[in-house]
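Structure file final_29.pdb with PDB, C-alpha atoms, pLDDT in the B column:
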MODEL        1
ATOM      1  CA  MET E 224      54.969  65.078 -38.821  1.00 52.00           C
ATOM      2  CA  PRO E 225      56.829  63.143 -41.534  1.00 51.00           C
ATOM      3  CA  THR E 226      60.459  64.138 -41.735  1.00 61.00           C
ATOM      4  CA  THR E 227      62.112  61.870 -44.297  1.00 66.00           C
ATOM      5  CA  SER E 228      61.318  61.740 -47.976  1.00 77.00           C
ATOM      6  CA  ILE E 229      60.083  58.121 -47.802  1.00 74.00           C
ATOM      7  CA  GLU E 230      57.591  59.079 -45.079  1.00 73.00           C
ATOM      8  CA  VAL E 231      56.195  61.702 -47.437  1.00 76.00           C
ATOM      9  CA  LEU E 232      56.462  59.738 -50.695  1.00 80.00           C
ATOM     10  CA  VAL E 233      54.789  56.458 -49.688  1.00 77.00           C
ATOM     11  CA  PRO E 234      51.497  57.979 -48.448  1.00 78.00           C
ATOM     12  CA  LYS E 235      51.294  60.260 -51.492  1.00 83.00           C
ATOM     13  CA  VAL E 236      51.912  57.394 -53.944  1.00 82.00           C
ATOM     14  CA  TYR E 237      49.438  55.214 -52.079  1.00 81.00           C
ATOM     15  CA  ASP E 238      46.720  57.887 -52.017  1.00 83.00           C
ATOM     16  CA  THR E 239      47.192  59.182 -55.586  1.00 88.00           C
ATOM     17  CA  ILE E 240      48.011  55.977 -57.480  1.00 88.00           C
ATOM     18  CA  VAL E 241      47.182  52.794 -55.572  1.00 84.00           C
ATOM     19  CA  VAL E 242      43.784  53.761 -54.133  1.00 85.00           C
ATOM     20  CA  PRO E 243      42.307  55.024 -57.452  1.00 89.00           C
ATOM     21  CA  ILE E 244      43.562  51.923 -59.285  1.00 90.00           C
ATOM     22  CA  PHE E 245      42.013  49.774 -56.556  1.00 89.00           C
ATOM     23  CA  TRP E 246      38.629  51.464 -56.954  1.00 90.00           C
ATOM     24  CA  VAL E 247      38.708  51.129 -60.752  1.00 92.00           C
ATOM     25  CA  LEU E 248      39.516  47.413 -60.569  1.00 92.00           C
ATOM     26  CA  PHE E 249      36.989  46.877 -57.773  1.00 92.00           C
ATOM     27  CA  SER E 250      34.351  48.587 -59.926  1.00 94.00           C
ATOM     28  CA  VAL E 251      35.224  46.405 -62.918  1.00 95.00           C
ATOM     29  CA  ALA E 252      34.885  43.266 -60.757  1.00 95.00           C
ATOM     30  CA  PHE E 253      31.513  44.458 -59.486  1.00 95.00           C
ATOM     31  CA  ILE E 254      30.315  45.192 -63.035  1.00 96.00           C
ATOM     32  CA  VAL E 255      31.418  41.710 -64.162  1.00 95.00           C
ATOM     33  CA  PHE E 256      29.502  40.179 -61.251  1.00 96.00           C
ATOM     34  CA  PHE E 257      26.405  42.266 -61.969  1.00 96.00           C
ATOM     35  CA  TRP E 258      26.593  41.428 -65.682  1.00 96.00           C
ATOM     36  CA  GLY E 259      26.726  37.740 -64.741  1.00 94.00           C
ATOM     37  CA  VAL E 260      23.534  38.170 -62.718  1.00 95.00           C
ATOM     38  CA  VAL E 261      21.867  39.859 -65.704  1.00 95.00           C
ATOM     39  CA  GLU E 262      23.002  37.060 -68.046  1.00 93.00           C
ATOM     40  CA  PHE E 263      21.871  34.378 -65.605  1.00 93.00           C
ATOM     41  CA  ILE E 264      18.391  35.886 -65.331  1.00 93.00           C
ATOM     42  CA  ARG E 265      18.080  36.841 -69.007  1.00 93.00           C
ATOM     43  CA  ASP E 266      19.133  33.410 -70.284  1.00 89.00           C
ATOM     44  CA  ALA E 267      17.318  31.386 -67.629  1.00 87.00           C
ATOM     45  CA  GLY E 268      15.868  29.100 -70.298  1.00 89.00           C
ATOM     46  CA  SER E 269      19.257  28.181 -71.746  1.00 90.00           C
ATOM     47  CA  GLU E 270      21.757  25.980 -69.923  1.00 92.00           C
ATOM     48  CA  ASP E 271      24.659  27.614 -71.795  1.00 91.00           C
ATOM     49  CA  GLY E 272      23.405  31.098 -70.858  1.00 89.00           C
ATOM     50  CA  ARG E 273      23.096  30.167 -67.183  1.00 92.00           C
ATOM     51  CA  LYS E 274      26.559  28.614 -67.239  1.00 94.00           C
ATOM     52  CA  LYS E 275      28.045  31.754 -68.782  1.00 93.00           C
ATOM     53  CA  GLY E 276      26.260  33.923 -66.201  1.00 93.00           C
ATOM     54  CA  ARG E 277      27.520  31.743 -63.345  1.00 95.00           C
ATOM     55  CA  GLN E 278      31.089  32.024 -64.652  1.00 96.00           C
ATOM     56  CA  HIS E 279      30.857  35.822 -64.800  1.00 95.00           C
ATOM     57  CA  MET E 280      29.411  35.943 -61.275  1.00 96.00           C
ATOM     58  CA  LEU E 281      32.172  33.659 -59.998  1.00 96.00           C
ATOM     59  CA  TRP E 282      34.942  35.712 -61.619  1.00 96.00           C
ATOM     60  CA  GLY E 283      33.363  38.915 -60.328  1.00 95.00           C
ATOM     61  CA  ILE E 284      33.353  37.569 -56.778  1.00 96.00           C
ATOM     62  CA  ILE E 285      36.941  36.364 -57.137  1.00 96.00           C
ATOM     63  CA  GLY E 286      37.960  39.818 -58.396  1.00 94.00           C
ATOM     64  CA  ILE E 287      36.202  41.543 -55.508  1.00 93.00           C
ATOM     65  CA  LEU E 288      37.884  39.238 -52.988  1.00 94.00           C
ATOM     66  CA  ILE E 289      41.321  39.733 -54.554  1.00 93.00           C
ATOM     67  CA  MET E 290      40.977  43.524 -54.639  1.00 90.00           C
ATOM     68  CA  SER E 291      39.733  43.627 -51.041  1.00 89.00           C
ATOM     69  CA  SER E 292      42.650  41.449 -49.940  1.00 92.00           C
ATOM     70  CA  VAL E 293      45.207  43.570 -51.779  1.00 88.00           C
ATOM     71  CA  PHE E 294      43.759  46.755 -50.321  1.00 85.00           C
ATOM     72  CA  GLY E 295      43.754  45.319 -46.802  1.00 87.00           C
ATOM     73  CA  ILE E 296      47.268  43.881 -47.019  1.00 89.00           C
ATOM     74  CA  THR E 297      48.773  47.101 -48.359  1.00 84.00           C
ATOM     75  CA  ARG E 298      46.945  49.131 -45.715  1.00 82.00           C
ATOM     76  CA  VAL E 299      48.194  46.849 -42.924  1.00 86.00           C
ATOM     77  CA  LEU E 300      51.775  47.034 -44.246  1.00 83.00           C
ATOM     78  CA  ILE E 301      51.720  50.813 -44.503  1.00 79.00           C
ATOM     79  CA  ASP E 302      50.180  51.204 -41.040  1.00 79.00           C
ATOM     80  CA  THR E 303      52.578  48.663 -39.520  1.00 83.00           C
ATOM     81  CA  VAL E 304      55.635  50.433 -40.875  1.00 78.00           C
ATOM     82  CA  GLY E 305      54.182  53.753 -39.767  1.00 73.00           C
ATOM     83  CA  LEU E 306      54.068  55.425 -43.163  1.00 69.00           C
ATOM     84  CA  SER E 307      50.341  56.138 -43.288  1.00 64.00           C
ATOM     85  CA  GLY E 308      50.774  59.877 -42.867  1.00 57.00           C
ATOM     86  CA  ASP E 309      47.753  60.128 -40.591  1.00 56.00           C
ATOM     87  CA  LYS E 310      46.984  59.452 -36.972  1.00 49.00           C
ATOM     88  CA  GLY E 311      44.167  57.018 -37.720  1.00 50.00           C
ATOM     89  CA  GLY E 312      41.530  59.668 -37.090  1.00 47.00           C
ATOM     90  CA  VAL E 313      42.626  60.180 -33.482  1.00 46.00           C
ATOM     91  CA  THR E 314      43.454  63.794 -32.832  1.00 49.00           C
ATOM     92  CA  GLY E 315      43.943  63.588 -29.092  1.00 52.00           C
ATOM     93  CA  PRO E 316      41.898  64.799 -26.161  1.00 56.00           C
ATOM     94  CA  PRO E 317      40.165  68.164 -26.347  1.00 56.00           C
ATOM     95  CA  VAL E 318      42.021  71.016 -24.718  1.00 60.00           C
ATOM     96  CA  LEU E 319      40.043  73.713 -22.919  1.00 63.00           C
ATOM     97  CA  GLN E 320      41.443  77.196 -23.231  1.00 66.00           C
ATOM     98  CA  PRO E 321      40.810  79.646 -20.349  1.00 64.00           C
TER
ENDMDL
END

Would you give me this structure, written as structure tokens?
Amino acid sequence: MPTTSIEVLVPKVYDTIVVPIFWVLFSVAFIVFFWGVVEFIRDAGSEDGRKKGRQHMLWGIIGILIMSSVFGITRVLIDTVGLSGDKGGVTGPPVLQP
């Protein structure tokens, strides 16, 4: 059970601010990638259109990789310091009551 204010504050800030922002930015990167695919297919006859589609796909992939890295690094830091606020899904062994 968290006892200090930082042990309570960090998980709440992470869950209510950082995670939603991550998902919004991850979604934007995915949309940019998908739009690049649409442009690449739609403008298959034009070299400029294909180039523009490739650039959008590349930037979408870069955005997805950056957001995944940021999410992973922050999660590792929070878990390493012990401020995650959860037990990692492990609740302990079952206890049989007589």

Can you report as JSON the centre and edge lengths in Å, to one decimal, of an axis-aligned box around the listed atoms of segment 237-256 of chain E padded with 8 Å on each side?
{"center_x": 39.5, "center_y": 49.7, "center_z": -58.1, "size_x": 35.9, "size_y": 35.0, "size_z": 28.1}

Let me know the residues the PyMOL selection byres ((chain E and resi 275) around 12) catches in the file above, as a ChimeraX atom specification.
-> /E:255-256,258-267,269-274,276-282

Return as a CSV table (one decimal) with C-alpha atoms, keeping the file's coordinate frame the set of residues that the PyMOL selection byres ((chain E and resi 285-295) around 9) yields on the displayed structure.
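Final output, result34.csv:
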chain,number,residue,atom,x,y,z
E,241,VAL,CA,47.2,52.8,-55.6
E,242,VAL,CA,43.8,53.8,-54.1
E,245,PHE,CA,42.0,49.8,-56.6
E,246,TRP,CA,38.6,51.5,-57.0
E,248,LEU,CA,39.5,47.4,-60.6
E,249,PHE,CA,37.0,46.9,-57.8
E,250,SER,CA,34.4,48.6,-59.9
E,251,VAL,CA,35.2,46.4,-62.9
E,252,ALA,CA,34.9,43.3,-60.8
E,253,PHE,CA,31.5,44.5,-59.5
E,255,VAL,CA,31.4,41.7,-64.2
E,256,PHE,CA,29.5,40.2,-61.3
E,280,MET,CA,29.4,35.9,-61.3
E,281,LEU,CA,32.2,33.7,-60.0
E,282,TRP,CA,34.9,35.7,-61.6
E,283,GLY,CA,33.4,38.9,-60.3
E,284,ILE,CA,33.4,37.6,-56.8
E,296,ILE,CA,47.3,43.9,-47.0
E,297,THR,CA,48.8,47.1,-48.4
E,298,ARG,CA,46.9,49.1,-45.7
E,299,VAL,CA,48.2,46.8,-42.9
E,300,LEU,CA,51.8,47.0,-44.2

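Our summary of the geometry notes that atom CA of Asp302 of chain E is positioned 14.4 Å from atom CA of Val236 of chain E.
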
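Picture a line from atom CA of Gly305 of chain E to atom CA of Pro234 of chain E; it runs 10.0 Å.
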
Have segment 275-310 of chain E completed to N, CA and C atoms, please, and pass it along as a short mmCIF file (atom, residue, chain, number, x, y, z; two decimals), keeping the file's coordinate frame.
data_model
loop_
_atom_site.label_atom_id
_atom_site.label_comp_id
_atom_site.auth_asym_id
_atom_site.auth_seq_id
_atom_site.Cartn_x
_atom_site.Cartn_y
_atom_site.Cartn_z
N LYS E 275 27.25 30.55 -68.52
CA LYS E 275 28.04 31.75 -68.78
C LYS E 275 27.81 32.81 -67.70
N GLY E 276 26.57 32.98 -67.27
CA GLY E 276 26.26 33.92 -66.20
C GLY E 276 26.91 33.53 -64.89
N ARG E 277 26.87 32.23 -64.57
CA ARG E 277 27.52 31.74 -63.34
C ARG E 277 29.02 32.00 -63.38
N GLN E 278 29.65 31.78 -64.54
CA GLN E 278 31.09 32.02 -64.65
C GLN E 278 31.42 33.50 -64.43
N HIS E 279 30.61 34.39 -65.01
CA HIS E 279 30.86 35.82 -64.80
C HIS E 279 30.65 36.21 -63.34
N MET E 280 29.63 35.65 -62.70
CA MET E 280 29.41 35.94 -61.28
C MET E 280 30.58 35.43 -60.44
N LEU E 281 31.05 34.23 -60.74
CA LEU E 281 32.17 33.66 -60.00
C LEU E 281 33.43 34.52 -60.15
N TRP E 282 33.75 34.90 -61.40
CA TRP E 282 34.94 35.71 -61.62
C TRP E 282 34.80 37.10 -61.02
N GLY E 283 33.59 37.63 -60.99
CA GLY E 283 33.36 38.92 -60.33
C GLY E 283 33.61 38.83 -58.84
N ILE E 284 33.12 37.75 -58.21
CA ILE E 284 33.35 37.57 -56.78
C ILE E 284 34.83 37.36 -56.49
N ILE E 285 35.50 36.57 -57.32
CA ILE E 285 36.94 36.36 -57.14
C ILE E 285 37.69 37.69 -57.26
N GLY E 286 37.32 38.50 -58.24
CA GLY E 286 37.96 39.82 -58.40
C GLY E 286 37.73 40.71 -57.21
N ILE E 287 36.51 40.72 -56.69
CA ILE E 287 36.20 41.54 -55.51
C ILE E 287 37.02 41.08 -54.31
N LEU E 288 37.11 39.77 -54.11
CA LEU E 288 37.88 39.24 -52.99
C LEU E 288 39.37 39.55 -53.12
N ILE E 289 39.91 39.43 -54.34
CA ILE E 289 41.32 39.73 -54.55
C ILE E 289 41.60 41.21 -54.29
N MET E 290 40.75 42.09 -54.83
CA MET E 290 40.98 43.52 -54.64
C MET E 290 40.83 43.92 -53.17
N SER E 291 39.88 43.33 -52.46
CA SER E 291 39.73 43.63 -51.04
C SER E 291 40.95 43.15 -50.26
N SER E 292 41.46 41.98 -50.61
CA SER E 292 42.65 41.45 -49.94
C SER E 292 43.87 42.32 -50.20
N VAL E 293 44.06 42.72 -51.44
CA VAL E 293 45.21 43.57 -51.78
C VAL E 293 45.12 44.90 -51.04
N PHE E 294 43.94 45.49 -51.01
CA PHE E 294 43.76 46.76 -50.32
C PHE E 294 44.05 46.59 -48.83
N GLY E 295 43.53 45.55 -48.23
CA GLY E 295 43.75 45.32 -46.80
C GLY E 295 45.21 45.05 -46.47
N ILE E 296 45.86 44.22 -47.27
CA ILE E 296 47.27 43.88 -47.02
C ILE E 296 48.15 45.11 -47.15
N THR E 297 47.95 45.90 -48.21
CA THR E 297 48.77 47.10 -48.36
C THR E 297 48.50 48.10 -47.24
N ARG E 298 47.27 48.21 -46.81
CA ARG E 298 46.94 49.13 -45.72
C ARG E 298 47.60 48.68 -44.42
N VAL E 299 47.56 47.38 -44.14
CA VAL E 299 48.19 46.85 -42.92
C VAL E 299 49.71 47.08 -42.98
N LEU E 300 50.33 46.82 -44.13
CA LEU E 300 51.78 47.03 -44.25
C LEU E 300 52.15 48.50 -44.03
N ILE E 301 51.41 49.39 -44.64
CA ILE E 301 51.72 50.81 -44.50
C ILE E 301 51.51 51.27 -43.06
N ASP E 302 50.43 50.82 -42.43
CA ASP E 302 50.18 51.20 -41.04
C ASP E 302 51.19 50.57 -40.09
N THR E 303 51.62 49.34 -40.38
CA THR E 303 52.58 48.66 -39.52
C THR E 303 53.93 49.35 -39.55
N VAL E 304 54.35 49.77 -40.73
CA VAL E 304 55.64 50.43 -40.88
C VAL E 304 55.56 51.87 -40.37
N GLY E 305 54.35 52.40 -40.28
CA GLY E 305 54.18 53.75 -39.77
C GLY E 305 54.28 54.82 -40.83
N LEU E 306 53.96 54.47 -42.07
CA LEU E 306 54.07 55.42 -43.16
C LEU E 306 52.72 55.93 -43.65
N SER E 307 51.68 55.79 -42.83
CA SER E 307 50.34 56.14 -43.29
C SER E 307 50.14 57.64 -43.43
N GLY E 308 50.90 58.44 -42.73
CA GLY E 308 50.77 59.88 -42.87
C GLY E 308 49.62 60.46 -42.07
N ASP E 309 48.83 59.62 -41.42
CA ASP E 309 47.75 60.13 -40.59
C ASP E 309 47.83 59.50 -39.21
N LYS E 310 47.00 59.97 -38.33
CA LYS E 310 46.98 59.45 -36.97
C LYS E 310 45.84 58.48 -36.76
#
